[in-house]
Amino acid sequence: MPVQSDDEPDFVPLFSLEEDEEAKQGEVFPDTLPILPLKNTVLFPGIVTPITVGRDKSIRAVQKAYEDNRLIGVLSQRDVKIESPSARDLYSIGTIARVLKLLKMPDGSTTAILQGRKRFHLEDMLSEEPYMLGQISTVEYTLPKNKLEFRALISSIRDAAKHIIELSPQIPSEAVVMLKNITNDNFLLNFIASNLNIKIEEKQAILEISHLKEKSNRILSHMDAELQLLELKDQIEAKVRNDIEKQQRDYFLSQQLKTIQEELGQNPQEDEINALVERATKKKWPKNVLETFQREVNKLRRVNPQIAEYAIGLTYLETLLDLPWLEFTKDNFDLKRVKQVLDRDHYGLTKVKERILEHLAVLKLKGDMKAPILCLVGPPGVGKTSLGQSIGKALKRKYVRMSLGGLHDEAEIRGHRKTYIGAMPGRIIQSLKKAKTGNPVFILDEIDKVGKDFRGDPSSALLEVLDPEQNTTFYDNYLELEYDLSKVLFIATANSLSTIQPALLDRMEIIEISGYSREEKVEIAKRHLIPEQRKEHGLKPNQVKIGAKSLADIIKHYTAESGVRNLNREIGSVMRNIAKKVAMEEPYEVVVKPEHLHDILGPTKFDSEVYTTQQAPGVAIGLAWTSVGGEILFIESSLNKGSGRLQLTGNLGDVMKESASTALSYIKAHASELDIDPERFDKTDIHIHVPEGAIPKDGPSAGVTMLTAIASVFTQKPVKSFLAMTGEITLRGKVLPVGGIKEKILAAKRAGLREVLLCKENEKHVLEIEAEYIKGLKFHYVDRMSDVLSVALGITPVHKNGSNGVAKGKKKKSVAVGK
């Protein structure tokens with residue numbers, strides 16, 4: 001198609017068949033020529049191309065040139081949108097062209113066949129009417145000085161052009177022959193430049209370059225870019241072509257295989273579906289599930305086995321068949337044997353065992369009952385998770401465990417819809433499928449560590465699972481059917497209740513599992529830890545023995561925990577030490593004595609003497625509860641000259657800071673009764689510090705300890721030795737109860753403290769602890785802050801009327817256990 005001067009062109013440049021159609025040396029061109037503006041193309045010397053001329057001025061210019069000397073100046077437009085360009089809208093460098101032929105087309109338009117001759121520079125536009133007439137001067141090329149380098153450049157250009165022709169399906173292979181027939185280097189450059197797939201501005205830039213070496217480099221760079229694009233395109237097309245060929249090959253082979261199988265009377269897909277139908281006849285399941293199965297089977301028979309929907313439907317049917325819809329294991333109703341199994345596997349944990357036995361007793365009498373949903377809360381290492389396994393063993397039920405720690409996606413609970421690729425049921429349904437029974441013991445481990453983000457809230461999805469009124473119709477997105485979870489015995493475990501969603505917490509029966517006392521740990525080590533570690537290290541009972549005294553020393557000096565995990569590790573260290581000596585046939589003592597522990601385990605890690613020595617005035621010992629059990633907390637206070645400012649350090653939370661302010665306000669209000677000069681408060685700064693500043697601390701239970709520390713530093717009376725305390729305080733002078741009593745008392749016992757000060761209302765919690773575990777501890781039960789100071793500092797506040805600070809009818813109570 002010819003190039004149009006004023007419309008969108010389809011530019012197909014041609015080249016002359018003559019050896020050299022560029023202007024020959026000495027050829028003379030006139031100084032003035034008619035000017036033809038071109039859109040969307042650049043004409044290079046030596047190139048022959050047809051131009052469709054549409055604008056009146058352009059037609060007149062072409063006709064004038066054809067009538068005179070057949071020479072015309074061709075310039076490209078800077079902006080193709082301008083319909084009537086002036087001199088400033090044209091590039092100044094163009095090509096003198098010879099009008100070879102002028103044709104009248106059937107549609108009335110004029111087509112001129114032009115042949116580029118020589119470059120020119122437009123010096124001046126003499127006139128624009130009736131056609132453009134310009135004054136011109138010819139532009140010569142500068143020959144390269146290094147002819148060898150130029151020949152190498154031309155050779156590279158020829159190779160690149162050949163490669164481009166091979167990779168481009170639009171260019172005929174005969175173009176390679178054309179390239180070989182071009183012997184003039186300058187004409188070769190012009191021919192390639194006119195055929196480059198680049199912008200008009202870049203072609204014009206090449207035309208304006210006078211130095212042949214620079215022109216060659218510019219053309220070669222454009223060719224390299226085009227070559228890279230073609231190579232990448234060829235790679236992509238080859239990959240797509242290979243994939244399509246593979247799919248077609250697989251399809252033809254599968255069709256051939258299908259034809260062969262039909263000839264032999266075989267149909268594997270039909271056999272597969274028939275096998276599922278046969279399994280379904282033996283399956284016990286609800287009527288609605290059976291109807292869904294039959295509907296999906298009929299749909300699957302109509303689906304082509306080669307498409308993805310067939311595999312999705314097949315997987316769905318297999319999932320329906322694998323689920324235990326109405327399949328249950330028979331419970332063990334021999335309650336005495338159940339109690340024996342629970343006692344054998346776990347020492348202590350009386351409350352949990354009693355609750356399981358109560359549930360079994362009702363099941364035995366009634367025959368049917370919704371399973372309870374229990375939540376075992378306690379510090380790490382007390383046996384919450386392993387207790388679930390033991391319950392399953394005692395009931396003769398299957399045991400499944402699902403860890404919820406770090407779970408963020410709601411689909412992990414409810415599953416994905418079948419429409420998604422790789423869809424599968426939620427982990428609840430998957431676990432039941434794995435258990436192959438509808439009433440397993442199901443452990444939901446670390447329920448307090450469930451996450452929440454943009455993918456959903458798994459704890460909200462658990463509301464339906466753990467609600468006895470709703471879990472009879474649990475809906476899984478993959479199944480799209482209701483599943484009955486009411487027979488499943490769910491047991492959740494957690495270290496803390498504070499991070500569990502309130503609605504979820506309301507659906508569970510909370511059973512608190514406190515930390516173990518030293519005596520309990522010794523028994524657990526004897527019954528479970530030592531035999532297990534001995535077996536793991538390949539030792540026989542007669543090769544190593546650890547006595548109760550050595551165990552007590554390990555617990556006291558090498559561990560400080562509520563559970564027994566660290567104790568288990570330390571026992572493992574002892575076993576490894578003995579195993580090495582046995583393997584190397586070194587002499588050793590079979591009985592591990594306390595004096596051997598230093599050589600085996602190294603220096604002691606915990607020393608209780610720091611808590612039992614006499615403290616300086618201003619230092620009191622408090623008891624704290626953490627998610628890992630009870631802890632000992634020092635409260636230190638000091639006085640400095642100042643203006644009555646209270647400074648608090650130690651990474652304290654808002655509640656602890658408020659407790660310190662409350663304690664100071666109480667002491668200020670009762671300064672005269674405590675024999676403290678009221679003016680000292682305005683002249684003294686008070687600094688309260690709680691050590692281990694890297695650990696955040698908060699809660700109201702340090703109130704009595706803050707009160708004691710501040711009163712001690714102002715009165716310069718040291719706090720009673722071997723005394724620890726816990727309790728919340730008020731401005732009215734009352735002491736309020738706090739939680740975590742058992743863990744706190746066991747922490748005091750571990751630390752070697754002898755006396756514990758508590759709120760009177762916490763006495764009931766102390767009575768729940770077995771007496772042998774708190775033997776040797778003396779408890780002081782108080783309900784007023786004046787009683788705290790009386791016990792801790794020996795101060796009896798004296799009122800102005802001469803009476804002491806104890807409220808009428810109220811007395812502090814002290815109870816010694818085991819004395």
# chains A, B, ... in the order shown; residues from 1 in each chain; ligands from 1
$ residues_around --residues "segment 520-527 of chain A" --least-positions-apart "5" --cutoff "7 Å" --atoms "only C-alpha atoms" --output "number ranges by chain"
A: 347, 548, 551-552, 564
$ residues_around --residues "segment 154-161 of chain A" --least-positions-apart "6" --cutoff "10 Å" --atoms "only C-alpha atoms" --output "ChimeraX atom specification"
/A:148,167,175-176,179-180,185-186,188-189,192,196,213,216-217,219-221,223-224,226-227
$ residues_around --residues "Thr649 of chain A" --least-positions-apart "2" --cutoff "8 Å" --atoms "only C-alpha atoms" --output "list in words"
Gln647, Asn651, Leu652, His687, Ile688, His689, Val690 and Gly693 of chain A
$ write_last_selection --atoms "N, CA, C and O atoms" --output "PDB file, in the first residue's frame"
ATOM      1  N   GLN A 647       8.423   9.077  92.133  1.00  0.00           N
ATOM      2  CA  GLN A 647       9.013   8.538  90.901  1.00  0.00           C
ATOM      3  C   GLN A 647       8.884   7.016  90.907  1.00  0.00           C
ATOM      4  O   GLN A 647       9.230   6.359  91.899  1.00  0.00           O
ATOM      5  N   ASN A 651       9.413  -0.519  84.590  1.00  0.00           N
ATOM      6  CA  ASN A 651       8.481  -0.959  83.533  1.00  0.00           C
ATOM      7  C   ASN A 651       7.129  -1.358  84.129  1.00  0.00           C
ATOM      8  O   ASN A 651       6.631  -2.462  83.908  1.00  0.00           O
ATOM      9  N   LEU A 652       6.540  -0.436  84.896  1.00  0.00           N
ATOM     10  CA  LEU A 652       5.278  -0.707  85.588  1.00  0.00           C
ATOM     11  C   LEU A 652       4.084  -0.282  84.746  1.00  0.00           C
ATOM     12  O   LEU A 652       4.138   0.705  84.011  1.00  0.00           O
ATOM     13  N   HIS A 687      11.221   7.517  95.595  1.00  0.00           N
ATOM     14  CA  HIS A 687      11.519   6.720  94.389  1.00  0.00           C
ATOM     15  C   HIS A 687      11.187   5.255  94.689  1.00  0.00           C
ATOM     16  O   HIS A 687      11.741   4.662  95.617  1.00  0.00           O
ATOM     17  N   ILE A 688      10.257   4.683  93.911  1.00  0.00           N
ATOM     18  CA  ILE A 688       9.899   3.264  94.057  1.00  0.00           C
ATOM     19  C   ILE A 688      10.357   2.533  92.797  1.00  0.00           C
ATOM     20  O   ILE A 688      10.035   2.940  91.677  1.00  0.00           O
ATOM     21  N   HIS A 689      11.099   1.450  93.015  1.00  0.00           N
ATOM     22  CA  HIS A 689      11.635   0.680  91.887  1.00  0.00           C
ATOM     23  C   HIS A 689      11.311  -0.805  92.065  1.00  0.00           C
ATOM     24  O   HIS A 689      11.391  -1.334  93.170  1.00  0.00           O
ATOM     25  N   VAL A 690      10.943  -1.446  90.939  1.00  0.00           N
ATOM     26  CA  VAL A 690      10.715  -2.898  90.935  1.00  0.00           C
ATOM     27  C   VAL A 690      11.763  -3.498  89.999  1.00  0.00           C
ATOM     28  O   VAL A 690      11.746  -3.218  88.799  1.00  0.00           O
ATOM     29  N   GLY A 693      13.696  -4.560  85.174  1.00  0.00           N
ATOM     30  CA  GLY A 693      12.974  -3.521  84.444  1.00  0.00           C
ATOM     31  C   GLY A 693      12.625  -3.880  83.015  1.00  0.00           C
ATOM     32  O   GLY A 693      11.770  -3.245  82.413  1.00  0.00           O
TER      33      GLY A 693
END
$ closest_residue --among "A:Leu349, A:Ala112, A:Ile200, A:Leu229" --to "Gly383 of chain A" --atoms "only C-alpha atoms"
A:Leu349
$ select_by_dssp --residues "segment 383-627 of chain A" --states "helix (DSSP H, G or I)" --output "ChimeraX atom specification"
/A:384-395,411-414,427-435,447-449,458-465,471-473,502-506,518-536,548-558,565-583,594-601,609-612
$ atom_distance --atom1 "atom CA of Leu38 of chain A" --atom2 "atom CA of Tyr141 of chain A"
23.1 Å
$ closest_residue --among "A:Ser92, A:Lys104, A:Leu601, A:Glu586" --to "Ile571 of chain A" --atoms "only C-alpha atoms"
A:Leu601
$ atom_distance --atom1 "atom CA of Lys540 of chain A" --atom2 "atom CA of Ser573 of chain A"
16.2 Å
$ closest_atom_pairs --of "segment 504-600 of chain A" --to "segment 468-481 of chain A" --cutoff "12 Å" --atoms "only C-alpha atoms" --output "CSV"
residue,atom,partner,partner_atom,distance
A:Asp506,CA,A:Pro468,CA,11.7
A:Arg507,CA,A:Pro468,CA,8.1
A:Met508,CA,A:Pro468,CA,9.6
A:Glu509,CA,A:Pro468,CA,11.6
$ atom_distance --atom1 "atom CA of Leu100 of chain A" --atom2 "atom CA of Phe187 of chain A"
18.6 Å
$ closest_residue --among "A:Arg518, A:Lys657, A:Lys744, A:Arg565" --to "Trp625 of chain A" --atoms "only C-alpha atoms"
A:Lys744
$ closest_atom_pairs --of "segment 312-346 of chain A" --to "segment 432-437 of chain A" --cutoff "12 Å" --atoms "only C-alpha atoms" --output "Markdown table"
| residue | atom | partner | partner_atom | distance |
| --- | --- | --- | --- | --- |
| A:Glu318 | CA | A:Lys433 | CA | 10.7 |
| A:Thr319 | CA | A:Lys433 | CA | 8.0 |
| A:Leu320 | CA | A:Lys433 | CA | 9.3 |
| A:Leu321 | CA | A:Lys433 | CA | 9.4 |
| A:Asp322 | CA | A:Lys433 | CA | 6.0 |
| A:Leu323 | CA | A:Lys433 | CA | 4.8 |
| A:Pro324 | CA | A:Thr437 | CA | 5.2 |
| A:Trp325 | CA | A:Thr437 | CA | 8.0 |
| A:Leu326 | CA | A:Thr437 | CA | 8.2 |
| A:Glu327 | CA | A:Thr437 | CA | 5.4 |
| A:Phe328 | CA | A:Thr437 | CA | 5.1 |
| A:Thr329 | CA | A:Thr437 | CA | 6.4 |
| A:Lys330 | CA | A:Thr437 | CA | 10.2 |
| A:Asp331 | CA | A:Thr437 | CA | 12.0 |
$ residues_around --residues "Asp457 of chain A" --least-positions-apart "4" --cutoff "8 Å" --atoms "only C-alpha atoms" --output "list in words"
His408, Asp409, Glu410, Gly451, Lys452, Asp453 and Ala461 of chain A
$ residues_around --residues "Thr315 of chain A" --least-positions-apart "6" --cutoff "12 Å" --atoms "only C-alpha atoms" --output "JSON, numbers by chain"
{"A": [272, 273, 276, 293, 296, 297, 300, 308, 309, 321, 322, 418, 421, 422, 423, 424, 425, 478, 479]}
$ write_last_selection --atoms "N, CA and C atoms" --output "PDB file, in the first residue's frame"
ATOM      1  N   GLU A 272     -14.138 -46.240  38.690  1.00  0.00           N
ATOM      2  CA  GLU A 272     -13.823 -45.433  39.872  1.00  0.00           C
ATOM      3  C   GLU A 272     -15.106 -44.959  40.550  1.00  0.00           C
ATOM      4  N   ILE A 273     -16.041 -44.464  39.759  1.00  0.00           N
ATOM      5  CA  ILE A 273     -17.313 -43.969  40.310  1.00  0.00           C
ATOM      6  C   ILE A 273     -18.113 -45.124  40.911  1.00  0.00           C
ATOM      7  N   LEU A 276     -16.945 -45.987  44.338  1.00  0.00           N
ATOM      8  CA  LEU A 276     -17.447 -45.043  45.348  1.00  0.00           C
ATOM      9  C   LEU A 276     -18.900 -45.358  45.705  1.00  0.00           C
ATOM     10  N   PHE A 293     -24.761 -37.030  48.109  1.00  0.00           N
ATOM     11  CA  PHE A 293     -23.796 -37.936  47.473  1.00  0.00           C
ATOM     12  C   PHE A 293     -24.323 -38.418  46.117  1.00  0.00           C
ATOM     13  N   GLU A 296     -24.264 -35.639  43.498  1.00  0.00           N
ATOM     14  CA  GLU A 296     -22.915 -35.354  43.029  1.00  0.00           C
ATOM     15  C   GLU A 296     -22.376 -36.469  42.134  1.00  0.00           C
ATOM     16  N   VAL A 297     -22.746 -37.717  42.421  1.00  0.00           N
ATOM     17  CA  VAL A 297     -22.327 -38.845  41.569  1.00  0.00           C
ATOM     18  C   VAL A 297     -22.928 -38.701  40.179  1.00  0.00           C
ATOM     19  N   LEU A 300     -21.115 -36.085  38.347  1.00  0.00           N
ATOM     20  CA  LEU A 300     -19.759 -36.501  37.975  1.00  0.00           C
ATOM     21  C   LEU A 300     -19.767 -37.391  36.732  1.00  0.00           C
ATOM     22  N   ALA A 308     -10.730 -30.055  35.050  1.00  0.00           N
ATOM     23  CA  ALA A 308     -10.427 -29.958  36.483  1.00  0.00           C
ATOM     24  C   ALA A 308     -11.631 -30.271  37.360  1.00  0.00           C
ATOM     25  N   GLU A 309     -12.847 -29.960  36.895  1.00  0.00           N
ATOM     26  CA  GLU A 309     -14.040 -30.176  37.713  1.00  0.00           C
ATOM     27  C   GLU A 309     -14.228 -31.648  38.071  1.00  0.00           C
ATOM     28  N   LEU A 321     -17.334 -39.760  51.880  1.00  0.00           N
ATOM     29  CA  LEU A 321     -17.274 -41.175  52.265  1.00  0.00           C
ATOM     30  C   LEU A 321     -16.333 -41.407  53.443  1.00  0.00           C
ATOM     31  N   ASP A 322     -15.264 -40.606  53.532  1.00  0.00           N
ATOM     32  CA  ASP A 322     -14.261 -40.817  54.591  1.00  0.00           C
ATOM     33  C   ASP A 322     -14.707 -40.286  55.945  1.00  0.00           C
ATOM     34  N   LYS A 418     -15.697 -25.103  47.465  1.00  0.00           N
ATOM     35  CA  LYS A 418     -15.183 -26.011  46.432  1.00  0.00           C
ATOM     36  C   LYS A 418     -14.758 -25.276  45.166  1.00  0.00           C
ATOM     37  N   ILE A 421      -9.412 -23.367  43.724  1.00  0.00           N
ATOM     38  CA  ILE A 421      -8.445 -24.416  43.386  1.00  0.00           C
ATOM     39  C   ILE A 421      -7.716 -24.829  44.669  1.00  0.00           C
ATOM     40  N   GLY A 422      -7.594 -26.116  44.874  1.00  0.00           N
ATOM     41  CA  GLY A 422      -6.936 -26.617  46.089  1.00  0.00           C
ATOM     42  C   GLY A 422      -7.794 -26.497  47.329  1.00  0.00           C
ATOM     43  N   ALA A 423      -9.129 -26.341  47.161  1.00  0.00           N
ATOM     44  CA  ALA A 423     -10.020 -26.213  48.315  1.00  0.00           C
ATOM     45  C   ALA A 423     -10.008 -27.500  49.135  1.00  0.00           C
ATOM     46  N   MET A 424     -10.188 -27.354  50.433  1.00  0.00           N
ATOM     47  CA  MET A 424     -10.238 -28.507  51.325  1.00  0.00           C
ATOM     48  C   MET A 424     -11.093 -28.166  52.546  1.00  0.00           C
ATOM     49  N   PRO A 425     -11.554 -29.177  53.282  1.00  0.00           N
ATOM     50  CA  PRO A 425     -12.350 -28.878  54.486  1.00  0.00           C
ATOM     51  C   PRO A 425     -11.494 -28.182  55.533  1.00  0.00           C
ATOM     52  N   TYR A 478     -16.594 -26.223  52.751  1.00  0.00           N
ATOM     53  CA  TYR A 478     -16.256 -27.195  51.704  1.00  0.00           C
ATOM     54  C   TYR A 478     -17.370 -28.240  51.559  1.00  0.00           C
ATOM     55  N   LEU A 479     -17.814 -28.764  52.684  1.00  0.00           N
ATOM     56  CA  LEU A 479     -18.864 -29.802  52.638  1.00  0.00           C
ATOM     57  C   LEU A 479     -20.190 -29.234  52.146  1.00  0.00           C
TER      58      LEU A 479
END
